[in-house]
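Enquirer: What follows is query_18.cif, made up of mmCIF, C-alpha atoms:
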data_work
#
loop_
_atom_site.label_atom_id
_atom_site.label_comp_id
_atom_site.auth_asym_id
_atom_site.auth_seq_id
_atom_site.Cartn_x
_atom_site.Cartn_y
_atom_site.Cartn_z
CA MET A 1311 -39.84 49.80 -47.99
CA ALA A 1312 -40.36 46.30 -46.69
CA GLU A 1313 -37.72 43.65 -47.10
CA PRO A 1314 -37.94 41.79 -50.43
CA ARG A 1315 -40.51 39.01 -50.45
CA THR A 1316 -40.32 35.77 -52.35
CA PRO A 1317 -41.92 36.24 -55.79
CA SER A 1318 -44.53 33.54 -55.96
CA ARG A 1319 -48.02 32.66 -54.89
CA SER A 1320 -49.26 32.82 -51.32
CA SER A 1321 -50.17 29.69 -49.38
CA SER A 1322 -50.73 28.87 -45.75
CA ALA A 1323 -50.85 25.11 -46.40
CA GLY A 1324 -47.84 22.84 -46.38
CA ILE A 1325 -46.10 22.66 -49.75
CA PRO A 1326 -44.37 19.29 -50.36
CA ILE A 1327 -40.81 19.52 -51.55
CA ASP A 1328 -40.54 19.68 -55.33
CA TRP A 1329 -37.38 17.61 -55.61
CA GLY A 1330 -36.94 18.29 -59.32
CA SER A 1331 -33.73 16.68 -60.52
CA LEU A 1332 -32.36 16.37 -56.97
CA ALA A 1333 -34.09 13.11 -55.98
CA PRO A 1334 -33.54 10.59 -54.57
CA LEU A 1335 -32.02 12.38 -51.59
CA ARG A 1336 -30.11 9.49 -49.99
CA ILE A 1337 -28.31 8.51 -53.18
CA LYS A 1338 -27.51 12.08 -54.19
CA ALA A 1339 -26.25 13.02 -50.72
CA LYS A 1340 -24.05 9.92 -50.49
CA SER A 1341 -22.57 10.66 -53.89
CA LEU A 1342 -21.81 14.23 -52.89
CA ALA A 1343 -20.24 13.21 -49.60
CA GLU A 1344 -18.05 10.48 -51.05
CA GLY A 1345 -16.07 13.01 -53.04
CA ILE A 1346 -15.55 15.22 -50.01
CA TYR A 1347 -15.05 13.30 -46.79
CA ALA A 1348 -12.09 11.26 -48.01
CA GLY A 1349 -9.74 14.06 -47.04
CA THR A 1350 -11.35 14.96 -43.72
CA HIS A 1351 -9.93 13.87 -40.39
CA ARG A 1352 -11.64 11.44 -38.10
CA SER A 1353 -13.18 12.75 -34.90
CA VAL A 1354 -10.98 12.33 -31.86
CA ARG A 1355 -12.52 9.61 -29.70
CA LYS A 1356 -9.60 8.72 -27.46
CA GLY A 1357 -6.59 10.31 -25.81
CA PRO A 1358 -6.25 13.25 -23.37
CA GLY A 1359 -9.49 14.85 -22.26
CA VAL A 1360 -11.60 11.71 -22.77
CA GLU A 1361 -12.90 9.82 -19.72
CA PHE A 1362 -15.08 6.76 -19.37
CA GLY A 1363 -18.58 7.93 -18.44
CA GLY A 1364 -20.34 4.62 -17.74
CA HIS A 1365 -22.70 2.31 -19.59
CA ARG A 1366 -26.18 2.59 -21.05
CA PRO A 1367 -28.43 0.07 -22.84
CA TYR A 1368 -27.85 -0.38 -26.57
CA VAL A 1369 -30.38 1.13 -28.97
CA PRO A 1370 -30.51 0.44 -32.73
CA GLY A 1371 -28.16 2.76 -34.58
CA ASP A 1372 -25.49 2.96 -31.87
CA ASP A 1373 -21.89 2.69 -33.01
CA LEU A 1374 -20.87 -0.92 -32.38
CA ARG A 1375 -17.29 0.17 -31.76
CA PHE A 1376 -18.44 1.08 -28.25
CA PHE A 1377 -20.27 -2.20 -27.59
CA ASP A 1378 -19.02 -3.71 -24.30
CA ARG A 1379 -18.80 -7.51 -24.58
CA ARG A 1380 -17.83 -7.93 -20.93
CA ALA A 1381 -20.89 -6.01 -19.81
CA LEU A 1382 -23.01 -8.38 -21.93
CA LEU A 1383 -21.60 -11.35 -20.04
CA ARG A 1384 -22.13 -9.70 -16.67
CA HIS A 1385 -25.57 -8.19 -17.22
CA ASP A 1386 -26.94 -10.45 -19.97
CA ARG A 1387 -27.90 -7.39 -22.02
CA MET A 1388 -26.24 -5.33 -24.70
CA MET A 1389 -24.53 -2.26 -23.24
CA ILE A 1390 -22.74 0.69 -24.82
CA ARG A 1391 -19.74 2.42 -23.27
CA GLU A 1392 -20.12 6.20 -23.01
CA PHE A 1393 -17.32 8.73 -22.76
CA GLU A 1394 -17.22 12.26 -21.42
CA THR A 1395 -15.09 14.79 -23.29
CA GLU A 1396 -14.22 18.41 -22.70
CA THR A 1397 -15.53 19.31 -26.14
CA ASP A 1398 -18.48 18.24 -28.25
CA ARG A 1399 -18.06 17.55 -31.96
CA ALA A 1400 -21.76 17.33 -32.77
CA LEU A 1401 -23.07 18.92 -35.94
CA TRP A 1402 -26.44 20.61 -35.46
CA LEU A 1403 -28.47 21.35 -38.59
CA ILE A 1404 -31.22 23.99 -38.36
CA VAL A 1405 -33.27 23.98 -41.57
CA ASP A 1406 -35.73 26.70 -42.56
CA GLY A 1407 -38.91 24.91 -43.58
CA THR A 1408 -41.15 27.97 -43.87
CA ALA A 1409 -43.34 28.56 -46.92
CA SER A 1410 -40.86 30.83 -48.72
CA MET A 1411 -38.47 27.87 -49.02
CA ALA A 1412 -40.91 26.18 -51.43
CA TYR A 1413 -40.20 28.68 -54.20
CA ARG A 1414 -38.85 27.28 -57.47
CA SER A 1415 -38.49 29.24 -60.70
CA PRO A 1416 -38.10 27.67 -64.15
CA ARG A 1417 -34.38 28.46 -63.94
CA ALA A 1418 -33.86 26.20 -60.91
CA PRO A 1419 -33.49 22.40 -60.73
CA GLY A 1420 -35.53 22.27 -57.52
CA ALA A 1421 -37.13 24.27 -54.73
CA LYS A 1422 -34.99 26.04 -52.15
CA LEU A 1423 -35.98 23.57 -49.45
CA ALA A 1424 -35.05 20.63 -51.67
CA TYR A 1425 -31.65 22.17 -52.42
CA GLY A 1426 -31.05 23.02 -48.78
CA ALA A 1427 -32.09 19.51 -47.73
CA LEU A 1428 -29.58 18.02 -50.16
CA ILE A 1429 -26.77 20.15 -48.74
CA ALA A 1430 -27.83 19.31 -45.17
CA ALA A 1431 -27.96 15.58 -45.93
CA ALA A 1432 -24.51 15.64 -47.52
CA LEU A 1433 -23.10 17.51 -44.52
CA ALA A 1434 -24.65 14.91 -42.23
CA ARG A 1435 -23.04 12.13 -44.25
CA VAL A 1436 -19.62 13.81 -44.03
CA ALA A 1437 -19.94 14.35 -40.27
CA LEU A 1438 -21.12 10.81 -39.59
CA SER A 1439 -18.28 9.39 -41.68
CA THR A 1440 -15.82 10.99 -39.26
CA GLY A 1441 -17.69 9.73 -36.21
CA ASP A 1442 -19.39 13.01 -35.31
CA PRO A 1443 -23.07 12.91 -34.23
CA VAL A 1444 -25.67 14.92 -36.14
CA GLY A 1445 -28.86 16.60 -34.86
CA LEU A 1446 -31.66 18.27 -36.81
CA GLU A 1447 -34.02 21.13 -35.90
CA TRP A 1448 -36.56 23.07 -37.98
CA ILE A 1449 -37.88 26.60 -38.36
CA GLY A 1450 -41.51 26.15 -39.35
CA GLY A 1451 -42.41 23.40 -41.77
CA ARG A 1452 -45.08 20.72 -41.74
CA GLY A 1453 -44.47 17.06 -40.98
CA VAL A 1454 -41.02 17.93 -39.61
CA LEU A 1455 -39.12 15.56 -37.35
CA HIS A 1456 -36.75 16.92 -34.72
CA LEU A 1457 -33.72 14.70 -34.15
CA PRO A 1458 -31.28 14.87 -31.22
CA PRO A 1459 -27.64 14.28 -32.13
CA SER A 1460 -26.91 10.64 -32.94
CA SER A 1461 -24.30 8.65 -34.80
CA GLY A 1462 -23.99 5.13 -36.12
CA ARG A 1463 -25.18 3.37 -39.23
CA GLU A 1464 -28.83 4.36 -39.00
CA ALA A 1465 -28.30 8.04 -38.22
CA PHE A 1466 -27.96 9.04 -41.88
CA ASP A 1467 -31.21 7.30 -42.79
CA ARG A 1468 -32.98 9.08 -39.94
CA VAL A 1469 -31.71 12.48 -41.08
CA THR A 1470 -32.52 11.96 -44.76
CA GLY A 1471 -35.91 10.50 -43.88
CA ALA A 1472 -36.73 13.60 -41.82
CA LEU A 1473 -35.59 15.90 -44.63
CA GLU A 1474 -37.56 14.02 -47.29
CA GLY A 1475 -40.71 13.97 -45.20
CA ALA A 1476 -40.89 17.72 -44.58
CA ALA A 1477 -43.17 20.15 -46.39
CA ALA A 1478 -42.63 23.90 -46.57
CA ALA A 1479 -45.24 25.67 -44.44
CA GLY A 1480 -45.64 28.54 -42.02
CA ASP A 1481 -44.91 32.25 -41.85
CA ALA A 1482 -42.02 32.90 -39.49
CA SER A 1483 -42.44 36.67 -39.76
CA ALA A 1484 -45.84 36.28 -38.07
CA ASP A 1485 -44.58 33.74 -35.52
CA GLU A 1486 -41.94 35.28 -33.29
CA GLY A 1487 -41.52 32.01 -31.41
CA ALA A 1488 -40.57 30.00 -34.50
CA MET A 1489 -36.87 30.81 -34.22
CA ASP A 1490 -36.78 30.32 -30.46
CA ARG A 1491 -38.37 26.86 -30.75
CA ALA A 1492 -35.69 25.81 -33.25
CA ILE A 1493 -32.81 27.23 -31.25
CA ALA A 1494 -33.82 26.23 -27.71
CA PRO A 1495 -32.81 22.52 -27.98
CA VAL A 1496 -29.45 23.52 -29.47
CA ALA A 1497 -28.81 26.12 -26.77
CA ARG A 1498 -29.57 23.55 -24.07
CA ARG A 1499 -27.57 20.63 -25.43
CA ALA A 1500 -24.77 21.87 -27.72
CA ARG A 1501 -21.46 22.16 -25.94
CA ARG A 1502 -18.08 23.70 -26.70
CA GLY A 1503 -16.72 22.40 -29.99
CA SER A 1504 -20.09 21.70 -31.60
CA VAL A 1505 -21.02 23.47 -34.84
CA VAL A 1506 -24.45 24.81 -35.75
CA VAL A 1507 -25.34 25.17 -39.45
CA LEU A 1508 -28.41 27.23 -40.39
CA VAL A 1509 -29.88 26.57 -43.84
CA SER A 1510 -32.28 29.36 -44.81
CA ASP A 1511 -33.11 32.02 -47.38
CA LEU A 1512 -32.96 34.51 -44.45
CA LEU A 1513 -36.16 36.11 -45.75
CA ASP A 1514 -39.25 36.82 -43.63
CA LEU A 1515 -37.66 35.55 -40.42
CA PRO A 1516 -38.71 37.09 -37.07
CA PRO A 1517 -37.02 40.42 -36.19
CA GLY A 1518 -34.88 38.82 -33.49
CA ALA A 1519 -33.78 35.83 -35.57
CA LEU A 1520 -30.25 37.07 -36.19
CA SER A 1521 -29.50 37.93 -32.57
CA ALA A 1522 -31.03 34.67 -31.36
CA PHE A 1523 -28.96 32.57 -33.74
CA SER A 1524 -25.72 34.50 -33.22
CA ALA A 1525 -26.09 34.00 -29.45
CA LEU A 1526 -25.44 30.31 -30.06
CA GLY A 1527 -21.85 31.30 -30.81
CA ALA A 1528 -21.24 31.78 -27.10
CA GLY A 1529 -19.50 29.05 -25.16
CA GLY A 1530 -17.20 27.90 -27.91
CA ARG A 1531 -19.83 26.79 -30.44
CA GLY A 1532 -19.13 27.33 -34.14
CA LEU A 1533 -21.66 29.00 -36.44
CA VAL A 1534 -22.17 28.61 -40.18
CA VAL A 1535 -25.05 30.06 -42.21
CA LEU A 1536 -26.00 28.86 -45.69
CA GLN A 1537 -28.22 31.38 -47.45
CA VAL A 1538 -30.14 29.62 -50.23
CA LEU A 1539 -31.90 31.69 -52.89
CA ASP A 1540 -33.53 30.85 -56.18
CA PRO A 1541 -31.58 32.41 -59.10
CA THR A 1542 -34.66 34.35 -60.23
CA GLU A 1543 -35.20 35.51 -56.67
CA ALA A 1544 -31.56 36.63 -56.38
CA ASP A 1545 -31.58 38.89 -59.45
CA LEU A 1546 -35.32 39.56 -59.83
CA GLY A 1547 -35.17 37.83 -63.18
CA PHE A 1548 -38.44 39.17 -64.55
CA SER A 1549 -39.14 41.76 -67.22
CA GLY A 1550 -41.88 44.32 -67.76
CA GLN A 1551 -44.94 44.63 -65.55
CA VAL A 1552 -45.12 41.86 -62.94
CA ARG A 1553 -47.43 40.92 -60.11
CA LEU A 1554 -45.54 39.39 -57.19
CA ARG A 1555 -47.21 37.65 -54.29
CA ALA A 1556 -45.40 36.48 -51.16
CA LEU A 1557 -45.48 32.86 -50.07
CA GLU A 1558 -45.42 34.13 -46.47
CA GLY A 1559 -47.97 36.77 -45.54
CA ASN A 1560 -50.44 38.45 -47.87
CA THR A 1561 -48.20 40.99 -49.59
CA VAL A 1562 -48.96 41.57 -53.28
CA VAL A 1563 -46.90 43.98 -55.39
CA GLU A 1564 -47.56 45.11 -58.95
CA THR A 1565 -44.58 46.90 -60.45
CA ASP A 1566 -42.16 47.21 -63.34
CA ALA A 1567 -39.28 44.78 -62.81
CA GLU A 1568 -36.65 46.94 -64.50
CA GLU A 1569 -37.53 49.99 -62.42
CA VAL A 1570 -37.28 48.28 -59.04
CA ARG A 1571 -34.51 45.76 -59.74
CA ALA A 1572 -31.65 47.88 -58.38
CA THR A 1573 -33.53 48.75 -55.20
CA TYR A 1574 -34.65 45.16 -54.73
CA LYS A 1575 -31.11 43.79 -55.08
CA ALA A 1576 -29.74 46.44 -52.71
CA ARG A 1577 -32.27 45.48 -50.03
CA LEU A 1578 -31.51 41.80 -50.53
CA ALA A 1579 -27.77 42.47 -50.26
CA ALA A 1580 -28.36 44.42 -47.06
CA ILE A 1581 -30.01 41.38 -45.45
CA THR A 1582 -27.06 39.18 -46.41
CA GLU A 1583 -24.53 41.76 -45.22
CA ARG A 1584 -26.25 42.18 -41.86
CA TRP A 1585 -26.20 38.44 -41.21
CA SER A 1586 -22.64 38.02 -42.47
CA THR A 1587 -21.28 40.85 -40.32
CA GLU A 1588 -22.85 39.46 -37.16
CA ILE A 1589 -21.87 35.84 -37.81
CA VAL A 1590 -18.28 36.73 -38.72
CA ALA A 1591 -18.03 38.78 -35.52
CA ARG A 1592 -18.87 35.56 -33.68
CA GLY A 1593 -16.08 33.72 -35.48
CA GLY A 1594 -18.42 32.06 -37.97
CA ARG A 1595 -19.08 32.32 -41.66
CA LEU A 1596 -21.93 32.91 -44.10
CA VAL A 1597 -22.01 30.97 -47.38
CA GLU A 1598 -24.19 32.19 -50.25
CA ALA A 1599 -25.71 29.87 -52.84
CA THR A 1600 -28.41 29.87 -55.48
CA THR A 1601 -30.18 26.64 -56.31
CA ASP A 1602 -28.47 26.39 -59.71
CA LYS A 1603 -25.01 26.33 -58.10
CA PRO A 1604 -23.29 22.90 -58.09
CA PRO A 1605 -24.10 21.39 -54.66
CA ALA A 1606 -20.62 19.85 -54.36
CA ASP A 1607 -19.03 23.31 -54.40
CA VAL A 1608 -21.35 24.46 -51.62
CA VAL A 1609 -20.74 21.38 -49.46
CA ARG A 1610 -16.97 21.77 -49.79
CA GLU A 1611 -17.18 25.42 -48.78
CA ILE A 1612 -19.27 24.62 -45.72
CA VAL A 1613 -17.02 21.71 -44.71
CA ARG A 1614 -14.09 24.14 -44.80
CA ALA A 1615 -16.08 26.63 -42.74
CA ILE A 1616 -16.88 23.94 -40.17
CA ALA A 1617 -13.20 23.00 -39.94
CA GLU A 1618 -12.27 26.64 -39.43
CA ALA A 1619 -14.90 27.02 -36.73
CA ARG A 1620 -13.39 24.10 -34.83
CA ALA A 1621 -9.78 25.20 -35.29
#
Rewrite the structure of this file - the entire thing - as structure tokens.

Expert:
Amino acid sequence: MAEPRTPSRSSSAGIPIDWGSLAPLRIKAKSLAEGIYAGTHRSVRKGPGVEFGGHRPYVPGDDLRFFDRRALLRHDRMMIREFETETDRALWLIVDGTASMAYRSPRAPGAKLAYGALIAAALARVALSTGDPVGLEWIGGRGVLHLPPSSGREAFDRVTGALEGAAAAGDASADEGAMDRAIAPVARRARRGSVVVLVSDLLDLPPGALSAFSALGAGGRGLVVLQVLDPTEADLGFSGQVRLRALEGNTVVETDAEEVRATYKARLAAITERWSTEIVARGGRLVEATTDKPPADVVREIVRAIAEARA
């Protein structure tokens, strides 16, 4: 039997995020983060293991704490001091923007991608508040913007703008390179001490997606996975005869919901267990959430997981 598919209609076109009651993203994410980052520690930016690494020209969004006034007098241009550290505290967000993430049942306040984007934006706000840079990569999606790690006042607006502008599109199960394209920039640039957070439903990903993502745990990087499911998707909340069509691929199933519910849930649990076992073996953690779960609870759980990964 094939892995469970998202119960909804099929579409190869980009599906804009149905924000439901989650919009606007910036305001909601800031509100979530304010109740969480007050107790977090600030990123270590000085002390043992930190060495001056030279200057570079200022670009909008740079942290003005590292603005070098003396260099301005000498070179008549704004310069930023850079430092080299033994560890990297960057937070990398990899968001699943494939078509299955567009699913929203009547029981949910928003689509899976909208919910995942809210969690990702709040995590970015928490990280930036402690001085840690944030980068963003995508699996699939249309209109997506890939962002290298950055910090400073404008970084949050860049991240939320990229999340708001994305539309769910693409079939990762038919595109084996989708996962590799998302992971490659992280593998090249993330150093020891950085944390990579994957936001996905974990459905219809390429066969090698788990091994490719878990490999990022090498070299002292931390791994956290947030599995986002719609509540109806999680418990197959239908009754009687149903006709289910996948958002990714062309699979159509006509069946009796009560008869297949136990098998469906067992297969879904097996996917989660397989990912959790592998990620935990790498010293990481998998967090499960449905889109009707309070986002603040999910953000707190992931923030704790990130702290544990860096401990």

Enquirer: Counting all atoms listed in the file, give me one row per residue of stretch 1506-1576 of chain A with an atom at most 7 Å from an atom of stretch 1410-1413 of chain A, showing the shortest contact pair and its distance in Å to one decimal, sorted by chain then residue number, as JSON lines.

Expert:
{"residue": "A:Asp1511", "atom": "CA", "partner": "A:Met1411", "partner_atom": "CA", "distance": 7.0}
{"residue": "A:Leu1557", "atom": "CA", "partner": "A:Ser1410", "partner_atom": "CA", "distance": 5.2}
{"residue": "A:Glu1558", "atom": "CA", "partner": "A:Ser1410", "partner_atom": "CA", "distance": 6.1}

Enquirer: Could you state which residues are captured by the PyMOL selection byres ((chain A and resi 1515-1527) around 9) in this file, as a ChimeraX atom specification?

Expert: /A:1481-1490,1493,1496-1497,1500,1505-1506,1508,1512-1514,1528-1533,1584-1585,1588-1589,1592-1594

Enquirer: I would like the residues chosen by the PyMOL selection byres ((chain A and resi 1553) around 7) on the shown file; could you give them as a ChimeraX atom specification?

Expert: /A:1552,1554-1555,1563-1565

Enquirer: Which distance in Å separates atom CA of A:Thr1408 and atom CA of A:Ala1477, to one decimal?

Expert: 8.5 Å

Enquirer: Do you have the atom CA of A:Asp1386-atom CA of A:Ser1460 distance handy?

Expert: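 These atoms are spaced 24.8 Å apart.
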
Enquirer: What does the PyMOL selection byres ((chain A and resi 1400) around 6) select in this file, as a ChimeraX atom specification?

Expert: /A:1398-1399,1401,1442-1444,1504

Enquirer: I'd like the neighbourhood of stretch 1595-1607 of chain A as a ChimeraX atom specification, where a residue qualifies if any of its atoms comes within 9 Å (using only C-alpha atoms), though same-chain residues fewer than 2 positions away should be ignored.

Expert: /A:1342-1343,1345-1346,1414,1417-1422,1425-1426,1428-1429,1432,1533-1541,1543-1544,1582,1585-1587,1589-1593,1609-1612,1615-1616,1619

Enquirer: Out of A:Gly1475, A:Leu1433, A:Thr1561, A:Thr1440, which residue has the shortest atom-to-atom distance to A:Ser1461 when counting only C-alpha atoms?

Expert: A:Thr1440

Enquirer: Pick from A:Thr1470, A:Gln1551, A:Ser1439, A:Asn1560: nearest to A:Leu1335, with all atoms listed in the file counted?

Expert: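 With all atoms listed in the file as the atom set, the closest residue is A:Thr1470.
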
Enquirer: Any idea what the distance is between atom CA of A:Ala1494 and atom CA of A:Arg1435?

Expert: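 Result for atom CA of A:Ala1494 versus atom CA of A:Arg1435: 24.3 Å, one decimal.
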
Enquirer: Each side padded by 5 Å, which centre and which edge lengths in Å (one decimal) define the axis-aligned box around the listed atoms of stretch 1511-1523 of chain A? Give them as AutoDock Vina command-line options.

Expert:
--center_x -34.1 --center_y 36.2 --center_z -39.4 --size_x 20.3 --size_y 18.4 --size_z 26.0
